[in-house]
>>> print(open('entry05.tsv').read())   # TSV, C-alpha atoms and all ligand atoms
chain	number	residue	atom	x	y	z
A	29	MET	CA	0.00	0.00	0.00
A	30	ALA	CA	1.35	3.41	-0.98
A	31	LYS	CA	2.38	6.13	1.44
A	32	ILE	CA	0.24	9.22	1.02
A	33	ILE	CA	2.00	12.44	0.05
A	34	ASP	CA	0.11	14.87	2.21
A	35	GLY	CA	0.05	18.08	0.18
A	36	LYS	CA	-2.31	19.75	2.60
A	37	ALA	CA	0.03	19.31	5.58
A	38	LEU	CA	3.12	20.22	3.59
A	39	ALA	CA	1.45	23.35	2.23
A	40	LYS	CA	0.50	24.34	5.78
A	41	THR	CA	4.14	24.08	6.91
A	42	ILE	CA	5.28	26.13	3.91
A	43	ARG	CA	2.66	28.80	4.61
A	44	GLY	CA	3.79	28.90	8.26
A	45	ASN	CA	7.38	29.60	7.18
A	46	LEU	CA	6.24	32.21	4.70
A	47	LYS	CA	4.21	33.96	7.38
A	48	SER	CA	7.35	34.73	9.37
A	49	GLU	CA	9.08	35.92	6.19
A	50	VAL	CA	6.16	38.29	5.57
A	51	GLU	CA	6.48	39.59	9.15
A	52	ASP	CA	10.20	40.25	8.57
A	53	LEU	CA	9.43	42.11	5.34
A	54	LYS	CA	6.86	44.24	7.15
A	55	LYS	CA	9.41	45.10	9.85
A	56	ASN	CA	11.57	46.41	7.01
A	57	GLY	CA	8.71	48.55	5.72
A	58	ILE	CA	7.69	46.24	2.87
A	59	GLN	CA	4.04	45.15	2.74
A	60	PRO	CA	3.77	42.29	0.20
A	61	LYS	CA	0.77	42.73	-2.05
A	62	LEU	CA	-0.88	40.58	-4.69
A	63	ALA	CA	-3.31	41.82	-7.34
A	64	VAL	CA	-5.63	39.24	-8.90
A	65	ILE	CA	-7.52	39.89	-12.13
A	66	MET	CA	-10.51	37.76	-13.03
A	67	VAL	CA	-12.60	38.31	-16.17
A	68	GLY	CA	-16.12	36.88	-16.37
A	69	GLU	CA	-17.95	34.43	-14.18
A	70	ASP	CA	-16.13	31.10	-14.39
A	71	LYS	CA	-17.34	29.01	-11.44
A	72	ALA	CA	-14.11	27.06	-10.80
A	73	SER	CA	-12.03	30.25	-11.12
A	74	LYS	CA	-14.12	31.85	-8.38
A	75	ILE	CA	-13.25	29.00	-6.02
A	76	TYR	CA	-9.53	29.17	-6.90
A	77	VAL	CA	-9.47	32.94	-6.43
A	78	LYS	CA	-11.19	32.61	-3.06
A	79	ASN	CA	-8.56	30.07	-1.91
A	80	LYS	CA	-5.81	32.45	-2.96
A	81	SER	CA	-7.36	35.39	-1.10
A	82	LYS	CA	-7.74	33.24	2.04
A	83	ALA	CA	-4.08	32.21	1.88
A	84	CYS	CA	-3.01	35.86	1.49
A	85	GLU	CA	-5.10	36.86	4.50
A	86	GLU	CA	-3.58	34.07	6.61
A	87	LEU	CA	-0.04	35.16	5.72
A	88	GLY	CA	-0.57	38.91	6.08
A	89	ILE	CA	-0.17	39.53	2.35
A	90	GLU	CA	-2.33	42.38	1.07
A	91	TYR	CA	-4.73	41.26	-1.61
A	92	GLU	CA	-6.57	43.26	-4.23
A	93	GLU	CA	-9.14	41.72	-6.56
A	94	TYR	CA	-10.15	43.12	-9.95
A	95	LEU	CA	-13.35	41.47	-11.16
A	96	LEU	CA	-13.89	42.50	-14.77
A	97	LYS	CA	-17.06	42.00	-16.77
A	98	GLU	CA	-17.28	39.21	-19.34
A	99	GLU	CA	-17.42	41.80	-22.17
A	100	THR	CA	-14.16	43.52	-21.11
A	101	THR	CA	-12.06	44.43	-24.15
A	102	MET	CA	-8.42	43.50	-24.66
A	103	GLU	CA	-7.53	47.18	-24.46
A	104	GLU	CA	-9.22	47.54	-21.06
A	105	LEU	CA	-7.50	44.41	-19.76
A	106	LEU	CA	-4.07	45.57	-20.96
A	107	ASN	CA	-4.65	49.04	-19.49
A	108	LEU	CA	-5.29	47.46	-16.11
A	109	ILE	CA	-2.20	45.22	-16.39
A	110	HIS	CA	-0.05	48.24	-17.28
A	111	LYS	CA	-1.49	50.23	-14.38
A	112	LEU	CA	-0.64	47.38	-11.96
A	113	ASN	CA	2.84	46.98	-13.52
A	114	ASN	CA	3.49	50.63	-12.66
A	115	ASP	CA	2.11	50.48	-9.13
A	116	ASP	CA	5.08	50.17	-6.74
A	117	LYS	CA	2.86	48.89	-3.94
A	118	ILE	CA	1.93	45.78	-5.93
A	119	HIS	CA	4.51	42.98	-6.03
A	120	GLY	CA	2.60	40.22	-7.77
A	121	ILE	CA	0.00	40.20	-10.55
A	122	LEU	CA	-2.07	37.12	-11.25
A	123	LEU	CA	-4.41	36.82	-14.20
A	124	GLN	CA	-6.87	34.02	-13.51
A	125	SER	CA	-7.46	31.71	-16.48
A	126	PRO	CA	-9.52	30.87	-18.43
A	127	LEU	CA	-10.34	34.20	-20.04
A	128	PRO	CA	-13.43	34.71	-22.20
A	129	LYS	CA	-12.71	33.55	-25.78
A	130	HIS	CA	-12.50	37.04	-27.31
A	131	LEU	CA	-9.45	37.87	-25.15
A	132	ASN	CA	-5.91	36.83	-26.07
A	133	ILE	CA	-4.44	35.22	-22.98
A	134	ASP	CA	-0.93	34.88	-24.44
A	135	GLU	CA	-0.78	38.60	-25.13
A	136	ALA	CA	-2.07	39.36	-21.63
A	137	PHE	CA	0.57	37.13	-19.96
A	138	ARG	CA	3.23	38.76	-22.14
A	139	GLU	CA	2.27	42.18	-20.84
A	140	ILE	CA	2.53	41.29	-17.14
A	141	SER	CA	5.90	42.56	-15.93
A	142	PRO	CA	8.26	39.54	-15.57
A	143	ASP	CA	9.20	40.86	-12.11
A	144	LYS	CA	5.57	40.69	-10.97
A	145	ASP	CA	4.67	37.51	-12.87
A	146	VAL	CA	4.06	35.32	-9.81
A	147	ASP	CA	2.32	32.69	-11.96
A	148	GLY	CA	5.44	32.27	-14.08
A	149	PHE	CA	3.53	32.48	-17.38
A	150	ASN	CA	5.34	35.41	-18.97
A	151	PRO	CA	7.64	34.13	-21.78
A	152	VAL	CA	10.64	35.67	-19.98
A	153	ASN	CA	10.06	33.45	-16.96
A	154	VAL	CA	9.23	30.44	-19.13
A	155	GLY	CA	12.56	31.02	-20.92
A	156	LYS	CA	14.43	31.33	-17.63
A	157	LEU	CA	12.96	28.02	-16.48
A	158	CYS	CA	14.15	26.39	-19.74
A	159	LEU	CA	17.63	27.81	-19.16
A	160	ASN	CA	17.56	26.79	-15.49
A	161	GLN	CA	17.97	30.42	-14.43
A	162	ASP	CA	16.38	32.11	-11.44
A	163	GLY	CA	12.89	33.46	-12.21
A	164	PHE	CA	9.29	32.75	-11.31
A	165	VAL	CA	8.35	29.10	-11.83
A	166	SER	CA	4.67	28.36	-12.37
A	167	CYS	CA	3.02	27.24	-9.19
A	168	THR	CA	1.63	23.78	-9.92
A	169	PRO	CA	4.86	22.34	-11.40
A	170	ASN	CA	6.83	23.99	-8.62
A	171	GLY	CA	4.48	22.42	-6.07
A	172	VAL	CA	4.97	18.97	-7.59
A	173	VAL	CA	8.77	19.30	-7.40
A	174	LYS	CA	8.56	20.53	-3.81
A	175	MET	CA	6.50	17.47	-2.86
A	176	LEU	CA	9.05	15.11	-4.39
A	177	GLU	CA	11.86	16.93	-2.59
A	178	GLU	CA	10.14	16.98	0.79
A	179	TYR	CA	9.39	13.25	0.61
A	180	ASN	CA	13.00	12.53	-0.45
A	181	ILE	CA	11.87	10.93	-3.68
A	182	PRO	CA	14.90	10.81	-5.98
A	183	THR	CA	14.44	12.36	-9.41
A	184	GLU	CA	17.98	12.03	-10.72
A	185	GLY	CA	17.87	9.47	-13.51
A	186	ALA	CA	14.28	8.58	-12.60
A	187	ASN	CA	12.19	7.47	-15.55
A	188	THR	CA	9.45	10.08	-15.27
A	189	VAL	CA	6.29	10.16	-17.38
A	190	ILE	CA	4.12	13.27	-17.55
A	191	ILE	CA	0.68	12.93	-19.08
A	192	GLY	CA	-0.39	16.34	-20.40
A	193	ARG	CA	1.54	19.09	-22.21
A	194	SER	CA	-0.38	22.26	-21.38
A	195	ASN	CA	1.48	25.55	-21.10
A	196	ILE	CA	0.54	25.92	-17.44
A	197	VAL	CA	1.25	22.40	-16.13
A	198	GLY	CA	2.74	19.77	-18.47
A	199	LYS	CA	5.36	21.82	-20.31
A	200	PRO	CA	6.83	23.68	-17.31
A	201	LEU	CA	6.83	20.38	-15.41
A	202	VAL	CA	9.05	18.87	-18.11
A	203	GLN	CA	11.59	21.65	-17.56
A	204	CYS	CA	11.35	21.48	-13.75
A	205	LEU	CA	12.09	17.75	-13.82
A	206	LEU	CA	14.84	18.03	-16.43
A	207	ASN	CA	16.42	20.62	-14.14
A	208	LYS	CA	16.25	17.91	-11.44
A	209	ASN	CA	18.04	15.45	-13.75
A	210	ALA	CA	15.03	13.23	-14.36
A	211	THR	CA	14.63	11.37	-17.65
A	212	VAL	CA	11.34	12.76	-18.88
A	213	THR	CA	8.78	11.39	-21.31
A	214	VAL	CA	5.69	13.45	-22.18
A	215	CYS	CA	2.41	11.90	-23.26
A	216	HIS	CA	-0.52	13.77	-24.80
A	217	SER	CA	-3.76	13.11	-26.62
A	218	LYS	CA	-1.96	11.83	-29.73
A	219	THR	CA	0.35	9.45	-27.85
A	220	LYS	CA	-0.11	5.79	-28.75
A	221	ASP	CA	-0.25	3.01	-26.16
A	222	ILE	CA	0.19	5.27	-23.14
A	223	GLU	CA	-0.04	2.29	-20.79
A	224	LYS	CA	3.14	0.79	-22.30
A	225	ILE	CA	4.96	4.02	-21.45
A	226	THR	CA	3.54	4.51	-17.94
A	227	GLN	CA	4.17	0.84	-17.03
A	228	LYS	CA	7.91	1.51	-17.24
A	229	ALA	CA	7.88	4.74	-15.24
A	230	ASP	CA	9.43	5.27	-11.80
A	231	ILE	CA	7.33	8.43	-11.47
A	232	VAL	CA	3.99	9.07	-13.21
A	233	ILE	CA	2.52	12.56	-13.15
A	234	ALA	CA	-1.02	12.83	-14.50
A	235	ALA	CA	-2.12	16.29	-15.63
A	236	LEU	CA	-4.71	15.71	-18.33
A	237	GLY	CA	-8.05	16.44	-16.71
A	238	LYS	CA	-9.70	13.03	-17.30
A	239	PRO	CA	-11.23	11.41	-14.20
A	240	ASN	CA	-9.55	8.14	-13.12
A	241	PHE	CA	-7.60	7.89	-16.39
A	242	VAL	CA	-4.56	6.11	-14.94
A	243	LYS	CA	-5.61	2.60	-13.84
A	244	GLY	CA	-3.83	0.10	-11.63
A	245	ASP	CA	-2.58	-1.97	-14.57
A	246	MET	CA	-0.94	1.11	-16.14
A	247	VAL	CA	1.67	1.58	-13.40
A	248	LYS	CA	4.52	-0.54	-12.15
A	249	GLU	CA	4.93	-1.88	-8.63
A	250	GLY	CA	6.64	0.65	-6.35
A	251	SER	CA	6.21	3.67	-8.62
A	252	VAL	CA	5.54	7.21	-7.39
A	253	ILE	CA	2.23	8.66	-8.55
A	254	ILE	CA	1.43	12.37	-8.62
A	255	ASP	CA	-2.11	13.40	-9.50
A	256	VAL	CA	-2.49	16.97	-10.74
A	257	GLY	CA	-6.01	16.49	-12.12
A	258	ILE	CA	-9.04	18.15	-10.58
A	259	ASN	CA	-12.27	16.83	-12.07
A	260	ARG	CA	-15.79	17.43	-10.80
A	261	LEU	CA	-18.08	14.42	-11.38
A	262	ASP	CA	-21.82	14.77	-12.06
A	263	ASN	CA	-22.50	13.87	-8.42
A	264	GLY	CA	-20.36	16.84	-7.32
A	265	LYS	CA	-17.45	14.69	-6.11
A	266	ILE	CA	-13.94	15.97	-6.91
A	267	VAL	CA	-11.56	13.32	-8.27
A	268	GLY	CA	-8.14	13.36	-9.90
A	269	ASP	CA	-6.80	11.74	-13.06
A	270	ILE	CA	-5.65	8.64	-11.17
A	271	ASP	CA	-7.83	5.69	-10.22
A	272	PHE	CA	-6.67	6.15	-6.63
A	273	GLU	CA	-8.18	3.01	-5.12
A	274	ASN	CA	-6.43	0.62	-7.50
A	275	VAL	CA	-3.21	2.54	-8.13
A	276	GLU	CA	-2.64	3.00	-4.38
A	277	LYS	CA	-2.23	-0.78	-4.03
A	278	LYS	CA	0.81	-0.81	-6.35
A	279	ALA	CA	2.48	2.56	-5.81
A	280	SER	CA	5.11	3.40	-3.20
A	281	TYR	CA	3.89	7.01	-2.91
A	282	ILE	CA	0.71	8.67	-4.14
A	283	THR	CA	-0.94	12.08	-3.87
A	284	PRO	CA	-4.65	12.27	-2.99
A	285	VAL	CA	-7.24	14.53	-4.63
A	286	PRO	CA	-8.26	16.70	-2.91
A	287	GLY	CA	-5.42	17.42	-0.48
A	288	GLY	CA	-2.48	16.75	-2.78
A	289	VAL	CA	-1.15	19.03	-5.49
A	290	GLY	CA	-3.96	21.63	-5.12
A	291	PRO	CA	-2.90	23.11	-1.75
A	292	MET	CA	0.74	23.04	-2.89
A	293	THR	CA	-0.15	25.22	-5.89
A	294	VAL	CA	-1.53	27.92	-3.58
A	295	ALA	CA	1.48	27.65	-1.24
A	296	MET	CA	3.87	28.08	-4.18
A	297	LEU	CA	1.93	31.14	-5.32
A	298	MET	CA	2.36	32.66	-1.87
A	299	SER	CA	6.05	31.78	-2.02
A	300	ASN	CA	6.36	33.61	-5.36
A	301	VAL	CA	4.60	36.71	-3.96
A	302	VAL	CA	7.04	36.80	-1.03
A	303	LYS	CA	9.94	36.35	-3.46
A	304	ALA	CA	8.63	39.23	-5.62
A	305	ALA	CA	8.27	41.47	-2.55
A	306	LYS	CA	11.84	40.64	-1.47
A	307	LYS	CA	13.18	41.46	-4.95
A	308	ASN	CA	11.58	44.87	-4.83
M	401	LIG	P1	-5.41	21.22	-20.48
M	401	LIG	O1	-4.91	22.57	-20.84
M	401	LIG	O2	-6.78	20.81	-20.90
M	401	LIG	O3	-4.36	20.15	-21.02
M	401	LIG	C1	-4.61	18.80	-20.94
M	401	LIG	C2	-3.46	18.03	-21.53
M	401	LIG	O4	-3.76	16.65	-21.40
M	401	LIG	C3	-3.21	18.31	-23.00
M	401	LIG	O5	-1.84	18.37	-23.27
M	401	LIG	C4	-3.85	17.11	-23.71
M	401	LIG	O6	-3.20	16.72	-24.90
M	401	LIG	C5	-3.65	16.02	-22.68
M	401	LIG	N1	-4.69	15.00	-22.82
M	401	LIG	C6	-6.03	15.17	-22.87
M	401	LIG	N2	-6.65	13.98	-23.02
M	401	LIG	C7	-5.68	13.04	-23.06
M	401	LIG	C8	-5.68	11.65	-23.20
M	401	LIG	N3	-6.81	10.95	-23.34
M	401	LIG	N4	-4.49	11.00	-23.19
M	401	LIG	C9	-3.34	11.68	-23.06
M	401	LIG	N5	-3.27	13.04	-22.91
M	401	LIG	C10	-4.42	13.68	-22.93
M	401	LIG	O7	-5.39	21.02	-18.90
M	401	LIG	P2	-4.45	21.67	-17.76
M	401	LIG	O8	-4.82	23.08	-17.57
M	401	LIG	O9	-3.03	21.30	-17.97
M	401	LIG	O10	-5.00	20.85	-16.50
M	401	LIG	C11	-4.92	19.45	-16.42
M	401	LIG	C12	-5.64	18.99	-15.17
M	401	LIG	O11	-4.96	19.53	-14.04
M	401	LIG	C13	-7.08	19.47	-15.04
M	401	LIG	O12	-7.84	18.50	-14.37
M	401	LIG	C14	-6.95	20.72	-14.18
M	401	LIG	O13	-8.13	21.00	-13.46
M	401	LIG	C15	-5.85	20.30	-13.25
M	401	LIG	N6	-5.09	21.39	-12.66
M	401	LIG	C16	-4.83	21.27	-11.34
M	401	LIG	C17	-4.08	22.21	-10.70
M	401	LIG	C18	-3.80	22.03	-9.26
M	401	LIG	O14	-3.42	22.99	-8.59
M	401	LIG	N7	-3.92	20.82	-8.73
M	401	LIG	C19	-3.59	23.33	-11.40
M	401	LIG	C20	-3.85	23.41	-12.78
M	401	LIG	C21	-4.60	22.43	-13.40
M	401	LIG	P3	-3.13	17.65	-26.23
M	401	LIG	O15	-2.09	18.68	-25.93
M	401	LIG	O16	-2.73	16.70	-27.29
M	401	LIG	O17	-4.49	18.24	-26.39
>>> encode(input="entry05.tsv", output="structure tokens")
Amino acid sequence: MAKIIDGKALAKTIRGNLKSEVEDLKKNGIQPKLAVIMVGEDKASKIYVKNKSKACEELGIEYEEYLLKEETTMEELLNLIHKLNNDDKIHGILLQSPLPKHLNIDEAFREISPDKDVDGFNPVNVGKLCLNQDGFVSCTPNGVVKMLEEYNIPTEGANTVIIGRSNIVGKPLVQCLLNKNATVTVCHSKTKDIEKITQKADIVIAALGKPNFVKGDMVKEGSVIIDVGINRLDNGKIVGDIDFENVEKKASYITPVPGGVGPMTVAMLMSNVVKAAKKN
């Protein structure tokens, strides 16, 4: 039976450490502040944004929310981003995705100052990650790496399979793990015979958004399983991309959903805000 990687507990410890860092910053006259922009009425986004505001409150980070109407134009969005870029009191800017279809999210991320890009989505920070240089690393991949580190799970030379190649999870995860000397294989919707690839993996990271996609017979005995997926079933239950019940029997370590990668993502965001405040 696998050991559970308790993301909730780990995130709590990280937030505790960050809280004292925030207190130190305040003693030095720096009040860390995060600005969050949300456009439209996406239900899941509202929950994520609420979790982020709660974490800020707990840590003593100032938090400002900009809730823009669904019909906001690109010009209005960019004007707001530029205004926040130029506001010295704001250290981090987060643009909650998804955006309504008429808005160009790539352009918006490009316009967020790289020094305030606490989500790590600006191409400058993506490039720095690829070059293994110091910058802002996107929060979910960073959270996954932190979990592996904290549980002393070796990545060097580990045969690591990532399912999913999105710009916000899969692709930055590849770089994070390459930087940790893992041997990385990426699977996506066009990959053939995924099970043959995952069966050989020491570490499987599922980030595809398909409930219970990874079954027990797709993983090898003793492997480490990280579930990034968050899927809401028709009955309201939240499940990951891993068939937890069956995979747990074979794995050495496994993350639960909820209580795994999700809380780590928020903790890593807080960590990036503190880092941005320190830089300033
Ligand atoms: P996304 O943008 O929809 O990307 C999904 C990726 O999975 C794509 O690369 C897609 O391949 C691949 N994929 C889809 N179906 C597949 C299949 N049948 N076999 C193999 N690959 C397949 O999703 P995302 O934003 O990366 O999010 C992925 C999941 O993580 C979602 O459940 C999301 O809610 C969750 N998430 C969790 C956190 C957290 O904090 N825990 C943070 C972000 C996201 P193609 O590229 O070929 O289309």
>>> closest_residue(input="entry05.tsv", among="A:Asn240, A:Thr283, A:Thr183, A:Thr168", to="Gly148 of chain A", atoms="all atoms listed in the file")
A:Thr168
>>> residues_near_point(input="entry05.tsv", point="(-5.4, 6.0, -14.7)", cutoff="9 Å", atoms="all atoms listed in the file", output="list in words")
Glu223, Ala234, Lys238, Pro239, Asn240, Phe241, Val242, Lys243, Gly244, Asp245, Met246, Val247, Asp269, Ile270, Asp271, Phe272 and Val275 of chain A
>>> atom_distance(input="entry05.tsv", atom1="atom CA of Ala39 of chain A", atom2="atom CA of Ala295 of chain A")
5.5 Å
>>> residues_near_ligand(input="entry05.tsv", ligand="ligand LIG 401 (chain M)", cutoff="7 Å", atoms="only C-alpha atoms and all ligand atoms", output="list in words")
Thr168, Ile191, Gly192, Arg193, Ser194, Asn195, Ile196, Val197, Gly198, Cys215, His216, Ser217, Lys218, Thr219, Ala235, Leu236, Gly237, Lys238, Val256, Gly257, Ile258, Asn259, Gly268, Asp269, Val289, Gly290, Pro291 and Thr293 of chain A
>>> closest_residue(input="entry05.tsv", among="A:Thr41, A:Thr213, A:Ser166, A:Ser81", to="Ile233 of chain A", atoms="all atoms listed in the file")
A:Thr213
>>> closest_residue(input="entry05.tsv", among="A:Asp145, A:Glu69, A:Asp116, A:Asp230", to="Pro128 of chain A", atoms="all atoms listed in the file")
A:Glu69
>>> atom_distance(input="entry05.tsv", atom1="atom CA of Leu38 of chain A", atom2="atom CA of Val152 of chain A")
29.2 Å
>>> closest_residue(input="entry05.tsv", among="A:Gln227, A:Asn187, A:Ser141, A:Asn132", to="Ala304 of chain A", atoms="only C-alpha atoms")
A:Ser141
>>> residues_around(input="entry05.tsv", residues="Met296 of chain A", least_positions_apart="3", cutoff="10 Å", atoms="all atoms listed in the file", output="VMD selection string")
chain A and resid 39 42 to 43 146 to 147 165 to 172 174 291 to 293 299 to 302
>>> closest_atom_pairs(input="entry05.tsv", of="segment 114-214 of chain A", to="segment 59-63 of chain A", cutoff="12 Å", atoms="all atoms listed in the file", output="tab-separated table")
residue	atom	partner	partner_atom	distance
A:Asp115	CA	A:Ala63	CA	10.4
A:Asp116	CA	A:Lys61	CA	9.8
A:Lys117	CA	A:Lys61	CA	6.8
A:Ile118	CA	A:Lys61	CA	5.1
A:His119	CA	A:Lys61	CA	5.5
A:Gly120	CA	A:Leu62	CA	4.7
A:Ile121	CA	A:Ala63	CA	4.9
A:Leu122	CA	A:Ala63	CA	6.2
A:Leu123	CA	A:Ala63	CA	8.6
A:Gln124	CA	A:Ala63	CA	10.6
A:Ile140	CA	A:Ala63	CA	11.4
A:Lys144	CA	A:Leu62	CA	9.0
A:Asp145	CA	A:Leu62	CA	10.4
A:Val146	CA	A:Leu62	CA	8.8
A:Asp147	CA	A:Leu62	CA	11.2
>>> closest_residue(input="entry05.tsv", among="A:Leu106, A:Cys84, A:Ala279, A:Leu205", to="Cys158 of chain A", atoms="all atoms listed in the file")
A:Leu205
>>> atom_distance(input="entry05.tsv", atom1="atom CA of Arg138 of chain A", atom2="atom CA of Gly163 of chain A")
14.8 Å
>>> residues_around(input="entry05.tsv", residues="segment 101-103 of chain A", least_positions_apart="5", cutoff="9 Å", atoms="only C-alpha atoms", output="VMD selection string")
chain A and resid 108 130 to 132 136
>>> closest_residue(input="entry05.tsv", among="A:Pro126, A:Pro200, A:Gly44, A:Gly88", to="Asn153 of chain A", atoms="only C-alpha atoms")
A:Pro200
>>> residues_around(input="entry05.tsv", residues="Glu139 of chain A", least_positions_apart="3", cutoff="10 Å", atoms="only C-alpha atoms", output="list in words")
Leu106, Asn107, Ile109, His110, Asn113, Ile133, Asp134, Glu135, Ala136, Pro142, Asp145, Asn150 and Pro151 of chain A
